[in-house]
Amino acid sequence: MSAAPPAPRRTLPALCAAVVVVGLALSAWRPHDPTTWLLETVWVLVGLPAAVLARRRFPLTGLLCVLLAVHALVLALGGHYTYAQVPIGDWVRDAFGLDRNPYDRFGHLMQGFVPAVLVRELLSRTSPLRGSRWLAPLTVCACLAFSAVFEMFEWAAAVIGGQAADAFLATQGDVWDTQWDMFCALIGATVSVLLLGRLHDRQLASPPVTASRRGDGPAGAGAA
């Protein structure tokens with residue numbers, strides 16, 4: 001029997017989950033608009049339990065755990081204040097003389113940057129694309145497709161909610177906001193693949209740590 005994996009590999013997913021739960025709870029405390037908070041954080045409310053339930057059958061790499069936690073906090077902050085009124089975005093706007101709060105743009109960059117690693121991990125572990133030159137472009141395409149679906153979701157919210165959905169849309173008067181959102185997601189996904197690809201490959205090459213067989217080595221690790 002091989003030695004147990006290092007402690008950080010065993011504790012990192014739990015630590016990330018705890019940080020997300022705390023951040024989500026804080027963001028839910030007296031949000032600017034409860035409906036907007038729910039619409040912005042629903043991905044976390046669904047995704048976190050799904051990741052926890054699947055942790056034994058499909059444990060995530062440490063890189064992906066950290067990125068998902070950071071993305072969840074970005075969503076929670078945007079949900080609490082609404083993306084057009086996040087204080088740090090106001091500071092950046094005033095400091096650089098921008099004409100709008102840029103937190104929404106940052107959120108859509110993250111919408112490409114983090115899901116790129118998620119898509120890459122899913123494709124690498126469940127398809128023949130691992131090591132293929134098609135992995136990177138297909139990952140970026142998947143992220144751009146998700147961004148387009150999200151924009152349709154925003155469109156539906158606008159049709160159903162009318163002016164009540166303005167806080168969720170965060171267009172801030174920009175008629176090209178939808179196009180900018182998808183472009184930011186495209187840039188985020190492309191940068192993520194180029195910047196994190198090698199690191200991600202190294203983590204994918206390591207046997208995953210499962211809750212049920214942490215000391216069994218490669219033979220006992222959870223299968224992809």
# chains A, B, ... in the order shown; residues from 1 in each chain; ligands from 1
$ residues_around --residues "Trp37 of chain A" --least-positions-apart "5" --cutoff "7 Å" --atoms "only C-alpha atoms" --output "PyMOL selection string"
chain A and resi 31+79-80
$ write_last_selection --atoms "N, CA, C and O atoms" --output "PDB file, in the first residue's frame"
ATOM      1  N   PRO A  31     -29.116  41.494   0.775  1.00  0.00           N
ATOM      2  CA  PRO A  31     -28.616  41.892  -0.554  1.00  0.00           C
ATOM      3  C   PRO A  31     -29.390  43.089  -1.097  1.00  0.00           C
ATOM      4  O   PRO A  31     -30.497  43.384  -0.641  1.00  0.00           O
ATOM      5  N   GLY A  79     -23.861  39.264  -6.828  1.00  0.00           N
ATOM      6  CA  GLY A  79     -25.247  39.061  -6.456  1.00  0.00           C
ATOM      7  C   GLY A  79     -25.666  39.934  -5.281  1.00  0.00           C
ATOM      8  O   GLY A  79     -26.805  40.398  -5.218  1.00  0.00           O
ATOM      9  N   HIS A  80     -24.749  40.170  -4.357  1.00  0.00           N
ATOM     10  CA  HIS A  80     -25.075  40.974  -3.176  1.00  0.00           C
ATOM     11  C   HIS A  80     -25.318  42.441  -3.538  1.00  0.00           C
ATOM     12  O   HIS A  80     -26.313  43.038  -3.118  1.00  0.00           O
TER      13      HIS A  80
END
$ residues_around --residues "Gln203 of chain A" --least-positions-apart "5" --cutoff "10 Å" --atoms "only C-alpha atoms" --output "PyMOL selection string"
chain A and resi 60-64+121+198+208
$ write_last_selection --atoms "N, CA, C and O atoms" --output "CSV table (one decimal), in the first residue's frame"
chain,number,residue,atom,x,y,z
A,60,LEU,N,-12.3,16.5,-8.2
A,60,LEU,CA,-11.7,17.5,-9.1
A,60,LEU,C,-10.3,17.8,-8.7
A,60,LEU,O,-9.8,17.5,-7.6
A,61,THR,N,-9.5,18.3,-9.7
A,61,THR,CA,-8.1,18.7,-9.4
A,61,THR,C,-8.1,19.9,-8.4
A,61,THR,O,-9.1,20.6,-8.3
A,62,GLY,N,-7.0,20.1,-7.8
A,62,GLY,CA,-6.9,21.2,-6.8
A,62,GLY,C,-7.0,22.5,-7.6
A,62,GLY,O,-7.6,23.5,-7.0
A,63,LEU,N,-6.4,22.6,-8.8
A,63,LEU,CA,-6.5,23.9,-9.5
A,63,LEU,C,-8.0,24.2,-9.8
A,63,LEU,O,-8.4,25.4,-9.6
A,64,LEU,N,-8.8,23.2,-10.2
A,64,LEU,CA,-10.2,23.5,-10.5
A,64,LEU,C,-11.0,23.8,-9.3
A,64,LEU,O,-11.8,24.7,-9.3
A,121,GLU,N,-11.1,19.8,-18.0
A,121,GLU,CA,-11.0,18.6,-17.2
A,121,GLU,C,-12.0,17.6,-17.5
A,121,GLU,O,-11.7,16.4,-17.6
A,198,ARG,N,-0.6,23.7,-19.0
A,198,ARG,CA,0.5,22.8,-18.6
A,198,ARG,C,0.3,22.4,-17.1
A,198,ARG,O,0.5,21.3,-16.7
A,208,PRO,N,-6.3,11.0,-8.7
A,208,PRO,CA,-7.2,11.8,-7.9
A,208,PRO,C,-7.3,11.2,-6.5
A,208,PRO,O,-7.2,10.0,-6.3
$ select_by_dssp --residues "segment 179-210 of chain A" --states "alpha helix (DSSP H)" --output "JSON, numbers by chain"
{"A": [179, 180, 181, 182, 183, 184, 185, 186, 187, 188, 189, 190, 191, 192, 193, 194, 195, 196, 197, 198, 199, 200, 201, 202, 203, 204, 205]}
$ residues_around --residues "Val19 of chain A" --least-positions-apart "5" --cutoff "9 Å" --atoms "only C-alpha atoms" --output "list in words"
Ala14, Leu24, Ala69 and Leu73 of chain A
$ residues_around --residues "Tyr83 of chain A" --least-positions-apart "3" --cutoff "7 Å" --atoms "only C-alpha atoms" --output "list in words"
Gly78, Gly79, Val86, Tyr103, Asp104 and Ala170 of chain A
$ atom_distance --atom1 "atom CA of Glu154 of chain A" --atom2 "atom CA of Ala116 of chain A"
21.0 Å
$ atom_distance --atom1 "atom CA of Val44 of chain A" --atom2 "atom CA of Ala72 of chain A"
6.0 Å
$ closest_residue --among "A:Phe150, A:Trp155, A:Phe58, A:Phe113" --to "Leu186 of chain A" --atoms "only C-alpha atoms"
A:Phe113
$ closest_residue --among "A:Arg125, A:His32, A:Arg57, A:Arg120" --to "Cys143 of chain A" --atoms "only C-alpha atoms"
A:Arg120
$ closest_residue --among "A:Gly197, A:Gly47, A:Pro87, A:Gly23" --to "Arg133 of chain A" --atoms "only C-alpha atoms"
A:Gly197
$ residues_around --residues "Asp99 of chain A" --least-positions-apart "3" --cutoff "12 Å" --atoms "only C-alpha atoms" --output "PyMOL selection string"
chain A and resi 84+89-96+102+172-174
$ write_last_selection --atoms "all heavy atoms" --output "CSV table (one decimal), in the first residue's frame"
chain,number,residue,atom,x,y,z
A,84,ALA,N,-23.6,46.2,-11.3
A,84,ALA,CA,-23.4,47.6,-11.7
A,84,ALA,C,-23.1,48.4,-10.5
A,84,ALA,O,-22.7,49.6,-10.6
A,84,ALA,CB,-24.7,48.1,-12.3
A,89,GLY,N,-15.8,47.9,-8.1
A,89,GLY,CA,-15.9,48.4,-9.5
A,89,GLY,C,-16.1,49.9,-9.6
A,89,GLY,O,-15.5,50.5,-10.5
A,90,ASP,N,-16.8,50.5,-8.6
A,90,ASP,CA,-16.9,51.9,-8.6
A,90,ASP,C,-15.5,52.6,-8.4
A,90,ASP,O,-15.2,53.6,-9.0
A,90,ASP,CB,-17.9,52.4,-7.5
A,90,ASP,CG,-19.3,52.1,-7.8
A,90,ASP,OD1,-19.6,51.9,-9.0
A,90,ASP,OD2,-20.1,52.0,-6.8
A,91,TRP,N,-14.7,52.0,-7.5
A,91,TRP,CA,-13.4,52.5,-7.3
A,91,TRP,C,-12.5,52.5,-8.6
A,91,TRP,O,-11.8,53.4,-8.9
A,91,TRP,CB,-12.7,51.8,-6.2
A,91,TRP,CG,-11.3,52.3,-5.9
A,91,TRP,CD1,-11.0,53.3,-5.1
A,91,TRP,CD2,-10.1,51.8,-6.5
A,91,TRP,NE1,-9.6,53.5,-5.1
A,91,TRP,CE2,-9.0,52.5,-5.9
A,91,TRP,CE3,-9.8,50.7,-7.4
A,91,TRP,CZ2,-7.7,52.3,-6.3
A,91,TRP,CZ3,-8.5,50.5,-7.7
A,91,TRP,CH2,-7.4,51.3,-7.2
A,92,VAL,N,-12.6,51.3,-9.3
A,92,VAL,CA,-11.8,51.2,-10.5
A,92,VAL,C,-12.3,52.2,-11.6
A,92,VAL,O,-11.6,52.8,-12.3
A,92,VAL,CB,-11.9,49.8,-11.1
A,92,VAL,CG1,-11.3,49.7,-12.5
A,92,VAL,CG2,-11.3,48.8,-10.1
A,93,ARG,N,-13.6,52.4,-11.6
A,93,ARG,CA,-14.2,53.3,-12.6
A,93,ARG,C,-13.7,54.7,-12.3
A,93,ARG,O,-13.3,55.4,-13.2
A,93,ARG,CB,-15.7,53.3,-12.5
A,93,ARG,CG,-16.5,54.3,-13.4
A,93,ARG,CD,-17.9,54.5,-12.9
A,93,ARG,NE,-17.9,55.0,-11.5
A,93,ARG,CZ,-18.9,54.9,-10.7
A,93,ARG,NH1,-20.0,54.3,-11.1
A,93,ARG,NH2,-18.9,55.5,-9.5
A,94,ASP,N,-13.7,55.1,-11.1
A,94,ASP,CA,-13.3,56.5,-10.7
A,94,ASP,C,-11.8,56.7,-10.9
A,94,ASP,O,-11.3,57.7,-11.3
A,94,ASP,CB,-13.7,56.8,-9.3
A,94,ASP,CG,-15.2,56.8,-9.1
A,94,ASP,OD1,-16.0,57.0,-10.1
A,94,ASP,OD2,-15.7,56.7,-7.9
A,95,ALA,N,-11.0,55.6,-10.5
A,95,ALA,CA,-9.6,55.7,-10.6
A,95,ALA,C,-9.1,55.8,-12.0
A,95,ALA,O,-8.1,56.5,-12.2
A,95,ALA,CB,-9.0,54.5,-9.9
A,96,PHE,N,-9.7,55.1,-12.9
A,96,PHE,CA,-9.3,55.1,-14.3
A,96,PHE,C,-10.1,56.0,-15.2
A,96,PHE,O,-9.9,55.9,-16.5
A,96,PHE,CB,-9.2,53.7,-14.8
A,96,PHE,CG,-8.1,52.9,-14.1
A,96,PHE,CD1,-8.4,52.1,-13.0
A,96,PHE,CD2,-6.8,52.9,-14.5
A,96,PHE,CE1,-7.5,51.4,-12.3
A,96,PHE,CE2,-5.8,52.2,-13.9
A,96,PHE,CZ,-6.1,51.4,-12.8
A,102,PRO,N,-16.9,48.5,-14.1
A,102,PRO,CA,-16.4,47.4,-14.9
A,102,PRO,C,-16.5,46.0,-14.3
A,102,PRO,O,-16.0,45.0,-14.8
A,102,PRO,CB,-14.9,47.7,-15.1
A,102,PRO,CG,-14.5,48.4,-13.8
A,102,PRO,CD,-15.8,49.2,-13.4
A,172,GLN,N,-26.0,48.9,-18.0
A,172,GLN,CA,-25.6,50.2,-17.7
A,172,GLN,C,-25.6,51.1,-18.9
A,172,GLN,O,-24.8,51.9,-19.2
A,172,GLN,CB,-24.1,50.2,-17.1
A,172,GLN,CG,-24.0,49.4,-15.9
A,172,GLN,CD,-22.6,49.4,-15.3
A,172,GLN,OE1,-22.1,50.5,-14.8
A,172,GLN,NE2,-22.0,48.3,-15.3
A,173,GLY,N,-26.7,50.9,-19.7
A,173,GLY,CA,-26.9,51.8,-20.9
A,173,GLY,C,-26.1,51.4,-22.1
A,173,GLY,O,-26.2,52.1,-23.1
A,174,ASP,N,-25.4,50.3,-22.1
A,174,ASP,CA,-24.5,50.0,-23.2
A,174,ASP,C,-25.3,49.1,-24.2
A,174,ASP,O,-25.7,47.9,-23.8
A,174,ASP,CB,-23.3,49.2,-22.7
A,174,ASP,CG,-22.3,48.9,-23.9
A,174,ASP,OD1,-22.6,49.2,-25.0
A,174,ASP,OD2,-21.2,48.4,-23.5
$ atom_distance --atom1 "atom CA of Met110 of chain A" --atom2 "atom CA of Leu129 of chain A"
23.9 Å
